[in-house]
$ cat start-v4.cif   # mmCIF, C-alpha atoms
data_work
loop_
_atom_site.label_atom_id
_atom_site.label_comp_id
_atom_site.auth_asym_id
_atom_site.auth_seq_id
_atom_site.Cartn_x
_atom_site.Cartn_y
_atom_site.Cartn_z
CA MET U 429 0.00 0.00 0.00
CA ASN U 430 1.34 3.43 -0.94
CA ALA U 431 1.42 5.97 1.84
CA ILE U 432 1.00 9.63 0.94
CA ALA U 433 4.19 11.48 1.79
CA GLU U 434 3.98 14.41 4.15
CA PRO U 435 4.21 17.72 2.29
CA ILE U 436 7.54 19.54 2.52
CA VAL U 437 5.70 22.74 3.39
CA ALA U 438 2.74 23.23 5.69
CA PRO U 439 -0.54 23.75 3.85
CA GLY U 440 -1.84 27.29 4.20
CA LEU U 441 -0.86 30.82 3.30
CA HIS U 442 2.80 31.84 3.67
CA ARG U 443 3.03 35.62 3.38
CA ASP U 444 6.80 36.07 3.63
CA MET U 445 8.16 33.14 1.61
CA PRO U 446 10.85 34.24 -0.86
CA ALA U 447 10.01 33.57 -4.52
CA GLU U 448 13.08 31.34 -4.91
CA GLN U 449 11.89 29.10 -2.08
CA TYR U 450 8.36 28.94 -3.50
CA HIS U 451 9.61 27.98 -6.97
CA ALA U 452 11.94 25.31 -5.56
CA ILE U 453 9.05 23.43 -3.92
CA GLN U 454 7.83 20.68 -6.22
CA ALA U 455 4.06 20.92 -6.23
CA MET U 456 1.34 21.14 -8.87
CA SER U 457 0.77 24.69 -10.08
CA ALA U 458 -1.13 26.41 -12.90
CA GLY U 459 1.98 26.13 -15.06
CA GLY U 460 2.27 22.44 -14.29
CA LEU U 461 -1.38 21.88 -15.21
CA LYS U 462 -0.84 23.66 -18.54
CA ARG U 463 2.20 21.48 -19.27
CA ILE U 464 0.52 18.21 -18.31
CA ARG U 465 -2.52 19.15 -20.42
CA LYS U 466 -0.15 19.36 -23.40
CA SER U 467 1.28 15.93 -22.54
CA PRO U 468 2.85 14.09 -19.60
CA ALA U 469 6.15 14.20 -21.51
CA HIS U 470 6.00 18.00 -21.69
CA PHE U 471 5.27 18.16 -17.96
CA TYR U 472 8.22 15.91 -17.14
CA GLY U 473 10.58 17.55 -19.61
CA MET U 474 9.82 21.12 -18.57
CA GLN U 475 9.23 20.65 -14.87
CA LEU U 476 10.74 17.49 -13.43
CA ASP U 477 13.61 16.35 -15.66
CA PRO U 478 16.82 17.00 -13.70
CA ASN U 479 18.64 17.49 -17.04
CA ARG U 480 16.19 20.03 -18.46
CA PRO U 481 17.81 23.11 -19.96
CA ALA U 482 17.85 26.27 -17.91
CA SER U 483 15.22 28.81 -18.86
CA GLY U 484 16.42 31.52 -21.20
CA ALA U 485 17.28 35.09 -20.32
CA PRO U 486 14.26 37.35 -19.92
CA THR U 487 13.43 39.61 -22.84
CA PRO U 488 13.30 43.41 -22.39
CA ALA U 489 9.48 43.17 -22.32
CA MET U 490 9.65 40.54 -19.57
CA LYS U 491 12.07 42.70 -17.57
CA ASN U 492 9.73 45.67 -17.91
CA GLY U 493 6.78 43.55 -16.79
CA THR U 494 8.72 42.46 -13.71
CA LEU U 495 9.59 46.09 -12.88
CA VAL U 496 5.96 47.25 -13.29
CA HIS U 497 4.83 44.26 -11.21
CA CYS U 498 7.25 45.22 -8.43
CA CYS U 499 6.12 48.86 -8.50
CA LEU U 500 2.45 47.83 -8.35
CA PHE U 501 2.41 44.90 -5.96
CA GLU U 502 5.66 45.27 -3.99
CA PRO U 503 6.58 48.98 -4.06
CA ASP U 504 8.63 48.69 -0.87
CA ALA U 505 10.90 46.15 -2.60
CA VAL U 506 11.88 48.34 -5.59
CA GLU U 507 14.99 49.80 -3.94
CA SER U 508 16.21 46.39 -2.79
CA ARG U 509 15.95 44.92 -6.31
CA TYR U 510 16.86 47.76 -8.66
CA VAL U 511 19.51 50.46 -8.96
CA VAL U 512 19.13 53.44 -11.27
CA ARG U 513 22.01 54.14 -13.62
CA PRO U 514 23.21 57.72 -13.10
CA ASP U 515 22.25 60.08 -15.94
CA GLY U 516 24.97 60.32 -18.56
CA LEU U 517 26.92 57.30 -17.29
CA SER U 518 28.08 55.23 -20.27
CA PHE U 519 29.00 51.60 -19.89
CA ALA U 520 31.47 52.12 -22.74
CA THR U 521 33.76 54.09 -20.41
CA LYS U 522 36.13 52.73 -17.78
CA ASP U 523 34.17 54.47 -14.99
CA GLY U 524 30.86 53.23 -16.39
CA LYS U 525 32.08 49.65 -16.60
CA ALA U 526 33.46 49.83 -13.06
CA TRP U 527 30.14 51.18 -11.73
CA ARG U 528 28.17 48.51 -13.62
CA ASP U 529 30.41 45.70 -12.40
CA ALA U 530 30.09 46.88 -8.78
CA GLN U 531 26.29 46.54 -8.80
CA SER U 532 24.51 43.58 -7.26
CA LEU U 533 21.02 44.80 -8.17
CA GLU U 534 19.37 44.97 -11.58
CA ILE U 535 20.38 48.17 -13.35
CA ILE U 536 17.60 50.28 -14.86
CA ASP U 537 17.37 53.75 -16.32
CA GLY U 538 15.57 56.51 -14.45
CA ASP U 539 12.95 56.86 -17.17
CA GLN U 540 12.19 53.12 -16.94
CA LEU U 541 11.52 53.48 -13.23
CA ALA U 542 9.44 56.63 -13.70
CA SER U 543 7.35 54.92 -16.38
CA ALA U 544 6.80 51.80 -14.27
CA ARG U 545 5.79 53.88 -11.25
CA ALA U 546 3.40 55.92 -13.43
CA GLN U 547 1.82 52.71 -14.76
CA ALA U 548 1.42 51.37 -11.22
CA ALA U 549 -0.14 54.65 -10.05
CA ALA U 550 -2.56 54.65 -12.99
CA LEU U 551 -3.65 51.11 -12.19
CA ARG U 552 -4.04 51.88 -8.48
CA SER U 553 -6.35 54.78 -9.36
CA LEU U 554 -8.80 52.67 -11.41
CA PRO U 555 -12.16 52.59 -9.59
CA ASP U 556 -12.39 48.78 -9.73
CA LEU U 557 -8.84 48.22 -8.50
CA GLU U 558 -8.33 51.04 -6.01
CA PRO U 559 -10.26 49.43 -3.12
CA LEU U 560 -8.73 46.00 -3.76
CA LEU U 561 -5.16 47.30 -3.80
CA ALA U 562 -5.72 49.54 -0.76
CA ASP U 563 -5.88 46.51 1.55
CA GLY U 564 -4.03 43.25 1.17
CA TYR U 565 -0.59 41.93 0.43
CA GLY U 566 1.50 40.91 -2.54
CA GLU U 567 3.20 37.68 -3.47
CA ALA U 568 1.84 35.36 -0.79
CA SER U 569 2.46 31.65 -1.35
CA ALA U 570 -0.43 29.24 -0.79
CA PHE U 571 -0.18 25.45 -0.47
CA TRP U 572 -2.86 22.78 -0.10
CA ILE U 573 -3.40 19.07 -0.60
CA ASP U 574 -5.78 18.18 -3.41
CA ASP U 575 -8.58 16.02 -2.00
CA ALA U 576 -8.94 13.89 -5.13
CA THR U 577 -5.26 13.11 -5.76
CA GLY U 578 -3.46 13.76 -2.48
CA GLU U 579 -1.07 15.93 -4.52
CA LEU U 580 0.59 19.00 -3.00
CA CYS U 581 -0.58 22.08 -4.93
CA LYS U 582 0.61 25.65 -4.88
CA CYS U 583 -0.15 29.12 -6.15
CA ARG U 584 1.40 32.54 -5.72
CA PRO U 585 -1.13 35.26 -6.53
CA ASP U 586 0.22 38.70 -7.28
CA TRP U 587 -2.13 40.26 -4.75
CA VAL U 588 -4.48 38.93 -2.06
CA SER U 589 -7.23 41.30 -0.96
CA PRO U 590 -9.51 40.47 2.00
CA ALA U 591 -13.19 40.18 1.05
CA GLY U 592 -15.63 39.25 3.81
CA ASP U 593 -14.73 35.77 5.00
CA GLY U 594 -12.66 35.10 1.86
CA VAL U 595 -10.21 36.83 -0.42
CA ILE U 596 -9.99 38.22 -3.94
CA LEU U 597 -6.90 37.15 -5.86
CA ILE U 598 -5.38 39.50 -8.42
CA ASP U 599 -3.05 38.38 -11.20
CA GLY U 600 -1.46 41.29 -13.05
CA LYS U 601 -0.06 41.13 -16.57
CA THR U 602 1.63 43.72 -18.75
CA CYS U 603 1.36 43.82 -22.52
CA GLN U 604 2.18 46.14 -25.37
CA ASP U 605 -1.33 45.92 -26.86
CA ALA U 606 -4.42 45.11 -24.81
CA SER U 607 -6.86 45.25 -27.72
CA GLN U 608 -9.10 42.26 -28.31
CA ASP U 609 -7.27 41.41 -31.54
#

$ encode --input "start-v4.cif" --output "structure tokens"
Amino acid sequence: MNAIAEPIVAPGLHRDMPAEQYHAIQAMSAGGLKRIRKSPAHFYGMQLDPNRPASGAPTPAMKNGTLVHCCLFEPDAVESRYVVRPDGLSFATKDGKAWRDAQSLEIIDGDQLASARAQAAALRSLPDLEPLLADGYGEASAFWIDDATGELCKCRPDWVSPAGDGVILIDGKTCQDASQD
């Protein structure tokens, strides 16, 4: 008889779990469900195979989305993740290269940060979002055991807003064109 293994994380909501720790926990997620729907081989190859290739470098659009996400859902974390390149500093110069090489945070331009903060402020001011984003917390990790399979499951909503005896989960996405086409 197969015994169900104890989960490696306690079921429930973990508000302060670092993203790296969350992603390292092997549990079924929305991404895993999408992969297994494609095929079990895709799920194994992209999620479980110890020899799977590392994911590629993020595109500029992905980096911008991450910056906007941080400004909207984790504004207090911006300064601990990003450093603004001083105006006029060129990475083609000796001083510019030395400054760049001394940084441990992601380097962004001041106009990138200003744009991301403006986008976040515009979203926060939308009548449907303003009350939801006024109360709650970003990037909480949730874990539970699926009743039907006994499988450990996980999710990490961008924002959790209290609503009566439950919550409203918000998942934010950035895009260059939000038209229906």

$ resolve_selection --input "start-v4.cif" --expression "the PyMOL selection byres ((chain U and resi 441-458) around 8)" --output "PyMOL selection string"
chain U and resi 436+439-440+459-462+565+567-571+579-583

$ residues_around --input "start-v4.cif" --residues "Glu507 (chain U)" --least-positions-apart "6" --cutoff "12 Å" --atoms "all atoms listed in the file" --output "PDB file with C-alpha atoms, in the frame of the given file"
ATOM      1  CA  LEU U 495       9.590  46.090 -12.880  1.00  0.00           C
ATOM      2  CA  CYS U 498       7.250  45.220  -8.430  1.00  0.00           C
ATOM      3  CA  CYS U 499       6.120  48.860  -8.500  1.00  0.00           C
ATOM      4  CA  SER U 532      24.510  43.580  -7.260  1.00  0.00           C
ATOM      5  CA  LEU U 533      21.020  44.800  -8.170  1.00  0.00           C
ATOM      6  CA  GLU U 534      19.370  44.970 -11.580  1.00  0.00           C
ATOM      7  CA  ILE U 535      20.380  48.170 -13.350  1.00  0.00           C
ATOM      8  CA  ILE U 536      17.600  50.280 -14.860  1.00  0.00           C
ATOM      9  CA  LEU U 541      11.520  53.480 -13.230  1.00  0.00           C
TER      10      LEU U 541
END

$ residues_around --input "start-v4.cif" --residues "region 588-605 of chain U" --least-positions-apart "3" --cutoff "6 Å" --atoms "all atoms listed in the file" --output "compact mmCIF listing (two decimals) with C-alpha atoms, in the coordinates of the input"
# COMPACT_ATOMS: atom_id res chain seq x y z
CA GLY U 493 6.78 43.55 -16.79
CA LEU U 560 -8.73 46.00 -3.76
CA ASP U 563 -5.88 46.51 1.55
CA GLY U 564 -4.03 43.25 1.17
CA TYR U 565 -0.59 41.93 0.43
CA PRO U 585 -1.13 35.26 -6.53

$ atom_distance --input "start-v4.cif" --atom1 "CA of Gly566 (chain U)" --atom2 "CA of Lys491 (chain U)"
18.5 Å

$ atom_distance --input "start-v4.cif" --atom1 "CA of Val496 (chain U)" --atom2 "CA of Trp587 (chain U)"
13.7 Å

$ atom_distance --input "start-v4.cif" --atom1 "CA of Ala544 (chain U)" --atom2 "CA of His497 (chain U)"
8.4 Å

$ residues_around --input "start-v4.cif" --residues "Arg513 (chain U)" --least-positions-apart "6" --cutoff "12 Å" --atoms "all atoms listed in the file" --output "number ranges by chain"
U: 519, 524-525, 527-531, 533-541

$ write_last_selection --input "start-v4.cif" --atoms "C-alpha atoms" --output "mmCIF file, in the frame of the given file"
data_model
loop_
_atom_site.group_PDB
_atom_site.id
_atom_site.type_symbol
_atom_site.label_atom_id
_atom_site.label_comp_id
_atom_site.auth_asym_id
_atom_site.auth_seq_id
_atom_site.Cartn_x
_atom_site.Cartn_y
_atom_site.Cartn_z
ATOM 1 C CA PHE U 519 29.000 51.600 -19.890
ATOM 2 C CA GLY U 524 30.860 53.230 -16.390
ATOM 3 C CA LYS U 525 32.080 49.650 -16.600
ATOM 4 C CA TRP U 527 30.140 51.180 -11.730
ATOM 5 C CA ARG U 528 28.170 48.510 -13.620
ATOM 6 C CA ASP U 529 30.410 45.700 -12.400
ATOM 7 C CA ALA U 530 30.090 46.880 -8.780
ATOM 8 C CA GLN U 531 26.290 46.540 -8.800
ATOM 9 C CA LEU U 533 21.020 44.800 -8.170
ATOM 10 C CA GLU U 534 19.370 44.970 -11.580
ATOM 11 C CA ILE U 535 20.380 48.170 -13.350
ATOM 12 C CA ILE U 536 17.600 50.280 -14.860
ATOM 13 C CA ASP U 537 17.370 53.750 -16.320
ATOM 14 C CA GLY U 538 15.570 56.510 -14.450
ATOM 15 C CA ASP U 539 12.950 56.860 -17.170
ATOM 16 C CA GLN U 540 12.190 53.120 -16.940
ATOM 17 C CA LEU U 541 11.520 53.480 -13.230
#

$ closest_residue --input "start-v4.cif" --among "U:Pro481, U:Pro503, U:Pro468, U:Pro514" --to "Arg545 (chain U)" --atoms "all atoms listed in the file"
U:Pro503
